[in-house]
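*Asks:* The structure that follows is given in the form of structure tokens.
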Amino acid sequence: MKPGARKPAALSRALAALIALAVIIALGVVPAARRLWAGASSGLEGVEGIAVQRLARRDFVRWVPAEGNLRAARSTTLSVPRGSEEASRVAWVAADGSRVRSGEEVMRFDDSDLRKNLAEAESDLTSARFKSEKSAVESLAKIAQLERELRLARTEVANASRFQKKDAMVFSRQAIIESDIDQQLARERERHAAGAREIQETEGRAGTAVLAVDLRKAEFKIRRARAGLAALSLKAPHDGVLILKRDWRGNPTRIGDSVWSGQPVAEIPELAVMEAEVFVLEADAGGLASGKPARIEVESLPGSAFAARLARVDTIAKPRLRGSPVQYFGVTLRLARTDPRVMKPGQRVRAWLRLDERRQALLLPRQALFARDRGTIAYRLRADHRGFEPVAVTLGPAGLGTVVVETGLAPGDLVALRDPTRTAAGAGAAAAAASASAAHPPRAGGAARGEVAQ
């Protein structure tokens with residue numbers, strides 16, 4: 001082969017190598033160009049290898065999620081009828097959650113204990129009456145005996161006065177002294193008999209009063225037992241849904257349970273007006289106040305939306321589960337309207353509370369803020385586009401990934417989305433961590449903590 005023939009082959013190989021190099025460069029440039037175009041379309045720009053964002057004013061709304069249950073705004077509590085100091089047993093109870101009508105029986109109690117109490121009270125009454133009659137007869141007999149003794153003592157006094165020996169010419173001195181002593185003794189017997197009769201009359205009246213107390217006590221027990229027998233069932237005061245009370249284990253009232261007089265055993269809520277009791281994570285509770293708007297969704301009806309407002313907020317945060325360190329604020333939401341067809345007490349609901357709202361606020365991503373000794377700063381691109389300068393900022397309310405900037409920056413400023421003073425490798429790791437945190441935000445009861453509507 002001639003030497004000149006090798007030149008075209010060498011040129012072909014060089015041309016092929018150039019074409020391959022151009023293809024490789026194109027494969028690397030096109031994605032970069034696409035990323036640059038996407039960044040420009042989203043408001044992001046790149047300066048000196050650092051992503052920046054141009055600030056602009058937008059509407060800011062912070063929605064805080066919460067979960068809870070529906071309950072009736074008003075309800076009637078049903079309690080065990082009063083009338084017995086001992087426990088009563090439930091003989092029959094309507095099904096929990098069943099619909100009842102006004103006047104319908106919802107619970108019935110066993111009457112065996114009440115009938116036993118009635119029989120004992122009637123026996124006590126009979127015994128007290130017999131004791132009272134016996135005491136009266138004995139008192140009258142004793143008074144009659146003392147009355148006879150008093151009459152006898154008076155006769156002795158009269159005889160001693162009538163036949164007193166006074167004449168010293170007829171009687172001896174000893175006989176006169178004995179006559180005086182007999183007269184004084186007769187008077188003392190008279191006074192003693194009179195005092196004994198008064199004491200017996202007082203004692204008789206006291207005994208009668210004590211027995212009268214026993215009589216009234218027995219009569220009271222009889223009336224209470226009869227009242228209990230007359231109220232052995234609970235009836236619904238109005239239409240509604242029967243909700244049985246739960247004990248500390250969460251069990252409803254069942255047949256055979258012992259209940260006490262006056263103990264609440266059930267309630268019948270009025271379904272016409274419902275409200276929601278929800279719980280807000282303590283970290284999201286900033287701005288909770290009565291009157292703030294909200295919306296709820298019933299879990300059993302996906303896609304439903306009901307307007308509401310905050311009616312009451314607990315003063316202190318409490319854990320929802322025993323032993324859990326996570327604290328929640330209880331919030332009561334008043335619904336704008338109630339749909340009894342889909343709303344029942346106890347249904348789970350999801351709620352979103354609108355706690356902050358700013359019109360045309362200056363928003364900045366969280367990743368563009370950095371904590372320093374003197375406060376929070378952001379890095380703003382200099383006017384000559386030669387590097388970044390730290391700027392102290394004052395922050396307002398914050399959402400999940402966005403914060404309202406009150407002072408320090410202005411619309412149109414280019415702000416670095418990472419610390420320009422750090423190396424590229426360190427910034428890349430920080431950006432990856434921030435991205436992972438944004439992809440998996442903290443949750444409160446299974447819901448995201450906050451949202452920004454733009």
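Labels for the structure tokens follow display order: chains A, B, ..., residues from 1 in each chain, ligands from 1.
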For range 255-258 of chain A, please output as a list in words all residues within 6 Å (counting only C-alpha atoms; exclusion window: fewer than 5 positions along the same chain).
*Replies:*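 Everything that qualifies: Ala87, Ser88, Arg89, Val90, Ala91 and Trp92 of chain A.
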*Asks:* At a cut-off of 9 Å, using only C-alpha atoms, what residues contact Thr332 in chain A? Leave out same-chain residues fewer than 4 positions from it and give the result as a list in words.
*Replies:*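 So, after excluding close chain neighbours, the residues are Glu275, Ala276, Glu277, Val278, Phe279, Arg309, Leu310, Ala311, Arg312, Val313 and Asp314 of chain A.
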*Asks:* Could you name the residues that touch Leu114 in chain A at 7 Å or less, counting only C-alpha atoms, but leaving out those on the same chain fewer than 3 positions away, as a list in words?
*Replies:*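 Near Leu114 in chain A, the qualifying residues are Asp111, Asn117, Leu118, Ala225, Gly228 and Leu229 of chain A.
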*Asks:* Generate the output file for the selected residues, all heavy atoms, as a compact mmCIF listing (two decimals), in the first residue's frame.
*Replies:*
# COMPACT_ATOMS: atom_id res chain seq x y z
N ASP A 111 -84.33 -5.34 90.42
CA ASP A 111 -85.08 -4.84 91.57
C ASP A 111 -84.93 -5.69 92.82
O ASP A 111 -85.57 -5.42 93.84
CB ASP A 111 -86.56 -4.74 91.21
CG ASP A 111 -87.17 -6.11 90.89
OD1 ASP A 111 -86.38 -7.07 90.71
OD2 ASP A 111 -88.40 -6.22 90.81
N ASN A 117 -84.37 -4.26 100.42
CA ASN A 117 -84.30 -3.07 101.26
C ASN A 117 -85.69 -2.65 101.75
O ASN A 117 -85.86 -2.21 102.90
CB ASN A 117 -83.65 -1.92 100.49
CG ASN A 117 -82.20 -2.18 100.18
OD1 ASN A 117 -81.56 -3.01 100.81
ND2 ASN A 117 -81.67 -1.48 99.18
N LEU A 118 -86.70 -2.79 100.88
CA LEU A 118 -88.06 -2.44 101.27
C LEU A 118 -88.57 -3.35 102.38
O LEU A 118 -89.18 -2.89 103.37
CB LEU A 118 -88.98 -2.51 100.06
CG LEU A 118 -90.47 -2.20 100.31
CD1 LEU A 118 -90.64 -0.80 100.87
CD2 LEU A 118 -91.28 -2.38 99.03
N ALA A 225 -86.98 3.17 99.07
CA ALA A 225 -87.04 1.89 98.37
C ALA A 225 -88.19 1.88 97.37
O ALA A 225 -88.06 1.38 96.25
CB ALA A 225 -87.18 0.75 99.37
N GLY A 228 -87.22 3.92 94.44
CA GLY A 228 -86.31 3.17 93.58
C GLY A 228 -87.04 2.14 92.74
O GLY A 228 -86.74 1.94 91.56
N LEU A 229 -88.03 1.46 93.36
CA LEU A 229 -88.81 0.48 92.59
C LEU A 229 -89.64 1.14 91.51
O LEU A 229 -89.91 0.54 90.47
CB LEU A 229 -89.72 -0.30 93.55
CG LEU A 229 -89.01 -1.28 94.49
CD1 LEU A 229 -89.99 -1.83 95.51
CD2 LEU A 229 -88.36 -2.41 93.70
*Asks:* Find the residues near Arg246 in chain A: any atom within 9 Å, counting only C-alpha atoms, skip ones fewer than 6 places away on the same chain, and give them as a compact mmCIF listing (two decimals) with N, CA, C and O atoms, in the first residue's frame.
*Replies:*
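Now in result_6.txt:
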# COMPACT_ATOMS: atom_id res chain seq x y z
N PRO A 252 -67.75 0.03 78.06
CA PRO A 252 -69.05 0.68 78.29
C PRO A 252 -69.83 -0.05 79.38
O PRO A 252 -69.48 -1.15 79.81
N THR A 253 -70.91 0.56 79.83
CA THR A 253 -71.79 -0.06 80.82
C THR A 253 -72.45 -1.29 80.20
O THR A 253 -73.01 -1.22 79.11
N VAL A 265 -74.39 7.07 83.58
CA VAL A 265 -74.19 5.81 82.87
C VAL A 265 -74.29 5.98 81.36
O VAL A 265 -73.84 5.09 80.61
N ALA A 266 -74.85 7.05 80.88
CA ALA A 266 -74.99 7.25 79.42
C ALA A 266 -75.29 8.71 79.16
O ALA A 266 -75.55 9.49 80.08
*Asks:* Tell me which of A:Val157, A:Val331, A:Met107, A:Ala196 sits closest to Gly68 in chain A, counting only C-alpha atoms.
*Replies:*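 Result for the nearest residue to Gly68 in chain A: A:Val331.
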*Asks:* From a DSSP calculation on the backbone, collect every residue of range 140-292 of chain A in helix (DSSP H, G or I) and output the set as JSON, numbers by chain.
*Replies:* {"A": [140, 141, 142, 143, 144, 145, 146, 147, 148, 149, 150, 151, 152, 153, 154, 155, 156, 157, 158, 159, 160, 161, 162, 173, 174, 175, 176, 177, 178, 179, 180, 181, 182, 183, 184, 185, 186, 187, 188, 189, 190, 191, 192, 193, 194, 195, 196, 197, 198, 199, 200, 201, 202, 203, 204, 205, 206, 207, 208, 209, 210, 211, 212, 213, 214, 215, 216, 217, 218, 219, 220, 221, 222, 223, 224, 225, 226, 227, 228, 229, 230, 282, 283, 284]}
*Asks:* With a distance cut-off of 6 Å and only C-alpha atoms, select the neighbouring residues of range 388-400 of chain A, excluding the residue or stretch itself and same-chain residues fewer than 3 positions from it, and output the selection as a ChimeraX atom specification.
*Replies:* /A:62,376-382,403-408,450-452
*Asks:* Export N, CA and C atoms of the chosen residues as a short mmCIF file (atom, residue, chain, number, x, y, z; two decimals), in the first residue's frame?
*Replies:*
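File produced: out_34.cif:
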data_model
loop_
_atom_site.label_atom_id
_atom_site.label_comp_id
_atom_site.auth_asym_id
_atom_site.auth_seq_id
_atom_site.Cartn_x
_atom_site.Cartn_y
_atom_site.Cartn_z
N ARG A 62 -50.37 30.06 56.66
CA ARG A 62 -49.84 28.92 57.41
C ARG A 62 -51.01 28.08 57.91
N THR A 376 -29.97 35.87 63.17
CA THR A 376 -30.13 35.13 61.92
C THR A 376 -29.72 36.03 60.76
N ILE A 377 -28.97 35.43 59.82
CA ILE A 377 -28.50 36.19 58.65
C ILE A 377 -28.85 35.44 57.38
N ALA A 378 -28.77 36.17 56.27
CA ALA A 378 -28.88 35.61 54.93
C ALA A 378 -27.77 36.24 54.10
N TYR A 379 -27.33 35.53 53.07
CA TYR A 379 -26.26 36.03 52.21
C TYR A 379 -26.88 36.60 50.94
N ARG A 380 -26.69 37.93 50.73
CA ARG A 380 -27.25 38.63 49.59
C ARG A 380 -26.14 38.93 48.59
N LEU A 381 -26.44 38.77 47.31
CA LEU A 381 -25.45 39.07 46.27
C LEU A 381 -25.18 40.57 46.24
N ARG A 382 -23.91 40.92 46.15
CA ARG A 382 -23.53 42.34 46.12
C ARG A 382 -24.05 43.00 44.83
N VAL A 403 -40.21 31.11 55.17
CA VAL A 403 -40.27 32.00 56.31
C VAL A 403 -40.54 33.41 55.79
N VAL A 404 -41.37 34.16 56.52
CA VAL A 404 -41.63 35.55 56.17
C VAL A 404 -40.50 36.42 56.71
N VAL A 405 -39.93 37.24 55.84
CA VAL A 405 -38.86 38.16 56.22
C VAL A 405 -39.48 39.53 56.48
N GLU A 406 -39.33 40.00 57.71
CA GLU A 406 -39.90 41.29 58.07
C GLU A 406 -38.98 42.44 57.65
N THR A 407 -37.72 42.36 58.01
CA THR A 407 -36.75 43.42 57.69
C THR A 407 -35.43 42.79 57.29
N GLY A 408 -34.61 43.58 56.57
CA GLY A 408 -33.26 43.14 56.19
C GLY A 408 -33.10 42.93 54.70
N GLY A 450 -47.05 21.88 58.89
CA GLY A 450 -47.48 23.19 58.42
C GLY A 450 -47.42 23.27 56.92
N GLU A 451 -48.16 24.14 56.30
CA GLU A 451 -48.17 24.32 54.86
C GLU A 451 -48.20 25.79 54.54
N VAL A 452 -47.67 26.15 53.38
CA VAL A 452 -47.70 27.51 52.89
C VAL A 452 -48.47 27.54 51.59
#
*Asks:* Given only C-alpha atoms as the basis, pick out the residue of A:Ala283, A:Val106, A:Val326, A:Leu55 nearest to Gly240 in chain A.
*Replies:*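 Distance minimum relative to Gly240 in chain A lands on A:Val106.
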*Asks:* Considering only C-alpha atoms, return as a ChimeraX atom specification whatever protein or nucleic-acid residues lie within 12 Å of range 214-219 of chain A, sequence-local ones (same chain, fewer than 6 positions apart) excluded.
*Replies:* /A:117-133,207-208,225-226
*Asks:* Please measure the separation of CA of Glu201 in chain A and CA of Glu188 in chain A, giving the value in Å to one decimal.
*Replies:* 20.0 Å
*Asks:* Just the number, please: distance in Å from CA of Val280 in chain A to CA of Glu297 in chain A, one decimal.
*Replies:*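 Between these atoms lies a distance of 15.5 Å.
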*Asks:* Please identify the strand (DSSP E) residues within range 79-111 of chain A (assignment by DSSP from backbone atoms) and present them as an MDAnalysis selection string.
*Replies:* chainID A and resid 79 88:93 99:100 105:109
*Asks:* Between CA of Leu232 in chain A and CA of Arg108 in chain A, what is the distance in Å, rounded to a tenth?
*Replies:*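 CA of Arg108 in chain A lies at a distance of 5.7 Å from CA of Leu232 in chain A.
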*Asks:* Between A:Arg418, A:Ala206, A:Arg372, A:Glu270, single out the one closest to His238 in chain A, counting only C-alpha atoms.
*Replies:*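 Result for the nearest residue to His238 in chain A: A:Glu270.
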*Asks:* Pick from A:Ser112, A:Thr76, A:Gln360, A:Thr421: nearest to Ala56 in chain A, with only C-alpha atoms counted?
*Replies:*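 Among the listed residues, the smallest separation from Ala56 in chain A belongs to A:Gln360.
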*Asks:* Give the answer as one residue: which of A:Gly323, A:Gly401, A:Pro269, A:Pro345 has the shortest atom-to-atom distance to Phe60 in chain A, using only C-alpha atoms?
*Replies:*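 Between A:Gly323, A:Gly401, A:Pro269, A:Pro345, the residue approaching Phe60 in chain A most closely is A:Gly401.
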